[in-house]
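Here the structure comes first, spelled out in structure tokens, and everything after it is commentary.
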Amino acid sequence: MTGFTEVARDVYVLRYPVLDVNATLVVGDGAALLVDTLSTDAQARELRDAVRAVTPYPLTVVNTHHHFDHCFGNAVVVDADRPIWAHEEAARILCEEAAALQRELYPKWAPIDPELAAGLAAVRVRPPDHTVHLEATLDIGGRPVVLRHLGRGHSVADLVVHVADVDVLIAGDLVEEGAPPNFDDGYPLEWPATVFALLELASPATVVVPGHGAVVDSGFVRAQHADLTTLEWLIRDGHTDAATVDEVATLAPFGPDAARVAVRRGYAELAGRAT
Ligand SMILES: [Zn+2]
């Protein structure tokens, strides 16, 4: 595995090849923060070793959301007495529904990546024990790091991690590079407003760490926001005009496969059905 690369002063990103997912390390004076923990025990052991190649300091962990590739490494990557932060709904889901999620994940991933599927089934999920409603500020060895829930988007529980002293925003899967945004648990009618709120925190020089893919700038996020807004309005107009899911998806950004999922979920919301 490749190790961490410094993207701003004492902020490091590890881009893990399986699912092209990012973990981010923020190092302060005598303390460090790890954002996201990969998918399996084996991956988390690699991540822990990579962290220790950068810093010996005690770790605090943040999960940007509750999807497995961002939090199933929790139990292995840090000792049991270290805090793990997440949005309150992410913590609830991982407390109450982790076993059910694992049962769903195995048959989904077994045909695609048997090693990942077996690893996901074997994880003992450690839920976050510190929760964020809208905002919390951590002191990471003298560096203020702000955790914000800016609204629903990629999931019900997205957190954005702001390392303000070096103008870094860790966006989780609210921002995707190298693949379309994933709408499986998404809120396509709310996602644009949430990314707009993220952009309000950014300057032209901001370094943005997406959940997957290469580190980007605020110009990239602005373009993704424009595409998400286009998609939102295609869904709203399509619903008004009683267009089929496929009719809307063929017009949408991000390709028809991702867009079909988004349109279905948007239509369900507009019809008043729970998603
Ligand atoms: Zn996700």
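Chain identifiers are assigned as A, B, and so on, following the order in which chains appear in the structure tokens; residues are numbered from 1 within each chain, and ligands are numbered from 1 in order of appearance.
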Kindly assemble as a tab-separated table a list of the chain A residues that lie within 12 Å of ligand 1, each paired with its nearest atom pair and their distance in Å to one decimal, using only C-alpha atoms and all ligand atoms, sorted first by chain and then by ascending residue number.
```
residue	atom	partner	partner_atom_place_in_ligand_line	distance
A:Leu19	CA	ligand 1	1 (Zn)	10.7
A:Asp20	CA	ligand 1	1 (Zn)	12.0
A:Val21	CA	ligand 1	1 (Zn)	9.6
A:Asn22	CA	ligand 1	1 (Zn)	11.3
A:Asp36	CA	ligand 1	1 (Zn)	10.9
A:Leu38	CA	ligand 1	1 (Zn)	11.2
A:Ser39	CA	ligand 1	1 (Zn)	11.4
A:Asn63	CA	ligand 1	1 (Zn)	10.5
A:Thr64	CA	ligand 1	1 (Zn)	8.5
A:His65	CA	ligand 1	1 (Zn)	6.7
A:His66	CA	ligand 1	1 (Zn)	7.3
A:His67	CA	ligand 1	1 (Zn)	4.9
A:Phe68	CA	ligand 1	1 (Zn)	7.7
A:Asp69	CA	ligand 1	1 (Zn)	7.2
A:His70	CA	ligand 1	1 (Zn)	7.2
A:Cys71	CA	ligand 1	1 (Zn)	10.0
A:Ala90	CA	ligand 1	1 (Zn)	11.2
A:Gly153	CA	ligand 1	1 (Zn)	10.2
A:His154	CA	ligand 1	1 (Zn)	6.6
A:Ser155	CA	ligand 1	1 (Zn)	7.0
A:Val156	CA	ligand 1	1 (Zn)	10.3
A:Ala157	CA	ligand 1	1 (Zn)	9.9
A:Asp158	CA	ligand 1	1 (Zn)	8.7
A:Leu159	CA	ligand 1	1 (Zn)	11.2
A:Ala171	CA	ligand 1	1 (Zn)	10.9
A:Gly172	CA	ligand 1	1 (Zn)	7.4
A:Asp173	CA	ligand 1	1 (Zn)	5.2
A:Leu174	CA	ligand 1	1 (Zn)	8.2
A:Val175	CA	ligand 1	1 (Zn)	10.0
A:Glu176	CA	ligand 1	1 (Zn)	9.7
A:Pro180	CA	ligand 1	1 (Zn)	11.8
A:Pro181	CA	ligand 1	1 (Zn)	9.0
A:Asn182	CA	ligand 1	1 (Zn)	7.1
A:Phe183	CA	ligand 1	1 (Zn)	8.8
A:Asp184	CA	ligand 1	1 (Zn)	8.7
A:Asp185	CA	ligand 1	1 (Zn)	8.0
A:Gly186	CA	ligand 1	1 (Zn)	8.9
A:Pro210	CA	ligand 1	1 (Zn)	10.7
A:Gly211	CA	ligand 1	1 (Zn)	7.5
A:His212	CA	ligand 1	1 (Zn)	9.1
```
Near A:Thr60, counting only C-alpha atoms, which residues have an atom at most 9 Å away, once you skip same-chain residues fewer than 3 positions from it, shown as a PyMOL selection string?
-> chain A and resi 31-35+78+82-85+140
Export of prior selection with N, CA and C atoms as a short mmCIF file (atom, residue, chain, number, x, y, z; two decimals), in the first residue's frame:
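Saved result, again39.cif, follows:
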```
data_model
loop_
_atom_site.label_atom_id
_atom_site.label_comp_id
_atom_site.auth_asym_id
_atom_site.auth_seq_id
_atom_site.Cartn_x
_atom_site.Cartn_y
_atom_site.Cartn_z
N ALA A 31 -0.94 15.28 19.44
CA ALA A 31 -2.20 14.58 19.16
C ALA A 31 -2.42 14.56 17.66
N ALA A 32 -3.21 13.58 17.20
CA ALA A 32 -3.49 13.48 15.76
C ALA A 32 -4.93 13.02 15.55
N LEU A 33 -5.44 13.34 14.37
CA LEU A 33 -6.82 13.00 14.00
C LEU A 33 -6.79 12.19 12.71
N LEU A 34 -7.52 11.08 12.69
CA LEU A 34 -7.65 10.27 11.48
C LEU A 34 -9.10 10.34 11.02
N VAL A 35 -9.29 10.75 9.77
CA VAL A 35 -10.64 10.85 9.21
C VAL A 35 -10.84 9.66 8.26
N VAL A 78 -7.62 2.04 15.86
CA VAL A 78 -7.27 2.72 17.12
C VAL A 78 -7.58 1.82 18.31
N ARG A 82 -9.71 5.17 22.66
CA ARG A 82 -9.61 6.42 21.90
C ARG A 82 -10.99 6.80 21.34
N PRO A 83 -11.30 8.11 21.29
CA PRO A 83 -12.64 8.53 20.84
C PRO A 83 -12.84 8.41 19.33
N ILE A 84 -14.08 8.08 18.97
CA ILE A 84 -14.48 8.05 17.56
C ILE A 84 -15.72 8.92 17.40
N TRP A 85 -15.62 9.89 16.51
CA TRP A 85 -16.69 10.86 16.28
C TRP A 85 -17.42 10.56 14.97
N ILE A 140 -7.01 19.40 18.26
CA ILE A 140 -6.07 18.33 17.92
C ILE A 140 -4.66 18.87 18.11
#
```
Write out as a PyMOL selection string all residues of stretch 13-209 of chain A that DSSP puts in helix (DSSP H, G or I) for this structure's backbone.
-> chain A and resi 18-20+41-52+68-71+74-77+88-96+98-109+114-122+164-166+191-200
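Nearest-residue note for A:Val18: choosing from A:Ile235, A:Ala117, A:Leu101, A:Cys95, the minimum distance belongs to A:Ala117, counting only C-alpha atoms.
Nearest residue to A:Leu47 among A:Val216, A:Leu169, A:Val76, A:Leu120 is A:Val76, counting only C-alpha atoms.
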Between A:Gln102, A:Gln224, A:Thr206, A:Asn74, which has the minimum distance to A:Val166 (counting only C-alpha atoms)?
->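 Closest to A:Val166, using only C-alpha atoms: A:Thr206.
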Using only C-alpha atoms, find the one residue out of A:Pro256, A:Gly73, A:Gly30, A:Gly151 that sits nearest to A:Pro127.
->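 Of the candidates, the smallest distance to A:Pro127 is held by A:Gly73.
Excluding A:Val215 itself and same-chain residues fewer than 4 positions from it, the residues having an atom within 9 Å of it are Val7, Val13, Glu177, Val207, Val208, Val209 and Pro210 of chain A, counting only C-alpha atoms.
Compared by their closest atoms to A:Val145, and using only C-alpha atoms, the residues A:Gly272, A:Pro114, A:Gly3, A:Gly28 rank with A:Gly28 nearest.
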Hey, can you check how far atom CA of A:Ala98 sits from atom CA of A:Ala42?
->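 Separation between atom CA of A:Ala98 and atom CA of A:Ala42: 18.5 Å.
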